[in-house]
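Working notes for the structure below.
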Amino acid sequence: GAEGADFHALLRAADWARERDNGGDVSFVVNRNINFTNICYVGCSFCGFSRHSEDTDAYDRSMQEILEKCRDGVERGATEVCIQGGIHPSKDHTHYREILEAIKAEFPDLHIHAYSPEEIDWGQRKSGMPLAEYLRWLKEAGLGTIPGTAAEILDDDLRKVLAPNKIRKARWVEIITTAHRVGFRTSSTLMYG
């Protein structure tokens, strides 16, 4: 609820805490984002990305297309790829693993930052495995880190309005904390404003 001067004071406090914890150094990684499909039926009210399978601009990239995008990224200096996609109703946990295996087979040194908690939830439920086991299964296939997208706003009342079919806050937190427990690092992407 902070606005005006209070909002700017909050930003200054956050920047001070960041510098206290991490110093003044800034680093970056050259990354190639690869969306493997935009077919998604979750139905978030704010989404401009998702399509239904019959839409003319819907896509479901082949493994060769995904690898070509990796190749293009590596040629441009990428050391990491970020792999995400819509929640495609006919894909399951094996598809997520096959993407990892194909990338690692051709680019063993490429870091893979992939699969939002929403995608992890979908794949884990399709697999029938316990969450920690499913995450380890993806790690064995080459998953390096997990993006904390699909968080939007971690308030269930707002999530019910913005994205009524998305996982709830408790499930998002469960996936992220379980990922940490099995050795993954994650990020968190929140929307505001």
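Starting from 1 in every chain, residues are counted up; chains themselves are A, B, ... following the order of the structure tokens, and ligands are numbered from 1 as listed.
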Discussion item. With only C-alpha atoms as the counted atoms, please give the residues lying no more than 8 Å from range 147-161 of chain A, apart from itself and same-chain residues fewer than 3 positions off, as a count of residues only.
Written reply: 20
Discussion item. Could you go through range 2-38 of chain A and tell me which residues DSSP, when run on the backbone, assigns to alpha helix (DSSP H), listing them as a PyMOL selection string?
Written reply: chain A and resi 4-22
Could you write those residues out with N, CA and C atoms, as a CSV table (one decimal), in the first residue's frame?
chain,number,residue,atom,x,y,z
A,4,GLY,N,3.9,7.3,-3.1
A,4,GLY,CA,4.7,8.5,-3.0
A,4,GLY,C,6.0,8.3,-2.3
A,5,ALA,N,6.3,9.2,-1.3
A,5,ALA,CA,7.5,9.2,-0.6
A,5,ALA,C,7.7,7.9,0.1
A,6,ASP,N,6.7,7.3,0.7
A,6,ASP,CA,6.8,6.1,1.4
A,6,ASP,C,7.2,5.0,0.5
A,7,PHE,N,6.7,5.0,-0.8
A,7,PHE,CA,7.1,4.0,-1.7
A,7,PHE,C,8.6,4.1,-2.1
A,8,HIS,N,9.0,5.3,-2.3
A,8,HIS,CA,10.4,5.5,-2.6
A,8,HIS,C,11.3,5.2,-1.4
A,9,ALA,N,10.9,5.4,-0.2
A,9,ALA,CA,11.6,5.0,1.0
A,9,ALA,C,11.7,3.5,1.0
A,10,LEU,N,10.7,2.8,0.7
A,10,LEU,CA,10.7,1.3,0.6
A,10,LEU,C,11.7,0.8,-0.4
A,11,LEU,N,11.7,1.5,-1.5
A,11,LEU,CA,12.7,1.1,-2.6
A,11,LEU,C,14.1,1.3,-2.1
A,12,ARG,N,14.4,2.5,-1.4
A,12,ARG,CA,15.7,2.7,-0.9
A,12,ARG,C,16.1,1.7,0.1
A,13,ALA,N,15.2,1.3,1.0
A,13,ALA,CA,15.5,0.3,2.0
A,13,ALA,C,15.8,-1.0,1.4
A,14,ALA,N,15.0,-1.4,0.4
A,14,ALA,CA,15.3,-2.7,-0.3
A,14,ALA,C,16.7,-2.6,-1.0
A,15,ASP,N,17.0,-1.5,-1.6
A,15,ASP,CA,18.3,-1.4,-2.3
A,15,ASP,C,19.5,-1.4,-1.2
A,16,TRP,N,19.2,-0.8,-0.1
A,16,TRP,CA,20.2,-0.8,1.0
A,16,TRP,C,20.4,-2.3,1.5
A,17,ALA,N,19.4,-3.0,1.7
A,17,ALA,CA,19.4,-4.4,2.1
A,17,ALA,C,20.2,-5.3,1.1
A,18,ARG,N,19.9,-5.0,-0.2
A,18,ARG,CA,20.5,-5.8,-1.3
A,18,ARG,C,22.0,-5.5,-1.3
A,19,GLU,N,22.4,-4.2,-1.1
A,19,GLU,CA,23.8,-3.9,-1.1
A,19,GLU,C,24.5,-4.5,0.1
A,20,ARG,N,23.9,-4.4,1.3
A,20,ARG,CA,24.4,-5.0,2.5
A,20,ARG,C,24.7,-6.5,2.3
A,21,ASP,N,23.8,-7.2,1.7
A,21,ASP,CA,23.9,-8.6,1.5
A,21,ASP,C,24.8,-9.0,0.4
A,22,ASN,N,24.8,-8.2,-0.7
A,22,ASN,CA,25.5,-8.7,-1.9
A,22,ASN,C,26.6,-7.7,-2.4
What's around Asn33 in chain A at 8 Å? Count only C-alpha atoms, leave out sequence neighbours fewer than 5 positions away in its own chain, and write the answer as an mmCIF file with N, CA and C atoms, in the first residue's frame.
data_model
loop_
_atom_site.group_PDB
_atom_site.id
_atom_site.type_symbol
_atom_site.label_atom_id
_atom_site.label_comp_id
_atom_site.auth_asym_id
_atom_site.auth_seq_id
_atom_site.Cartn_x
_atom_site.Cartn_y
_atom_site.Cartn_z
ATOM 1 N N VAL A 81 19.910 -21.286 -21.104
ATOM 2 C CA VAL A 81 18.611 -21.159 -21.755
ATOM 3 C C VAL A 81 17.540 -21.192 -20.674
ATOM 4 N N CYS A 82 16.494 -20.410 -20.900
ATOM 5 C CA CYS A 82 15.321 -20.431 -20.034
ATOM 6 C C CYS A 82 14.202 -21.063 -20.841
ATOM 7 N N ILE A 83 13.722 -22.195 -20.368
ATOM 8 C CA ILE A 83 12.721 -22.969 -21.087
ATOM 9 C C ILE A 83 11.408 -22.907 -20.314
ATOM 10 N N GLN A 84 10.367 -22.396 -20.976
ATOM 11 C CA GLN A 84 9.041 -22.362 -20.378
ATOM 12 C C GLN A 84 8.011 -22.460 -21.489
#
Fill in: Surrounding residues of range 94-109 of chain A excluding itself and chain neighbours under 3 positions, 10 Å, only C-alpha atoms, as a ChimeraX atom specification
/A:36,62-64,66-68,70-71,74,79-81,83-84,90-91,112,114-115,119-120,123,126-127,137-144
Worksheet item: Could you pull the residues within 7 Å of Phe49 in chain A, counting only C-alpha atoms, minus those fewer than 2 positions along the same chain, as a VMD selection string?
Response: chain A and resid 38 47 51
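Candidate residues A:Ala78, A:Ala179, A:Leu131, A:Val173 were compared for distance to Phe28 in chain A, and the nearest is A:Ala78, using only C-alpha atoms.
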Discussion item. Residues near Glu54 in chain A, anyone? I mean within 12 Å using only C-alpha atoms, not counting same-chain ones fewer than 2 positions away, as a VMD selection string.
Written reply: chain A and resid 38 to 41 50 to 52 56 to 60
Worksheet item: Rounded to one decimal in Å, what is the spacing between CA of Thr177 in chain A and CA of Thr145 in chain A?
Response: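 So the two atoms, CA of Thr177 in chain A and CA of Thr145 in chain A, lie 12.9 Å apart.
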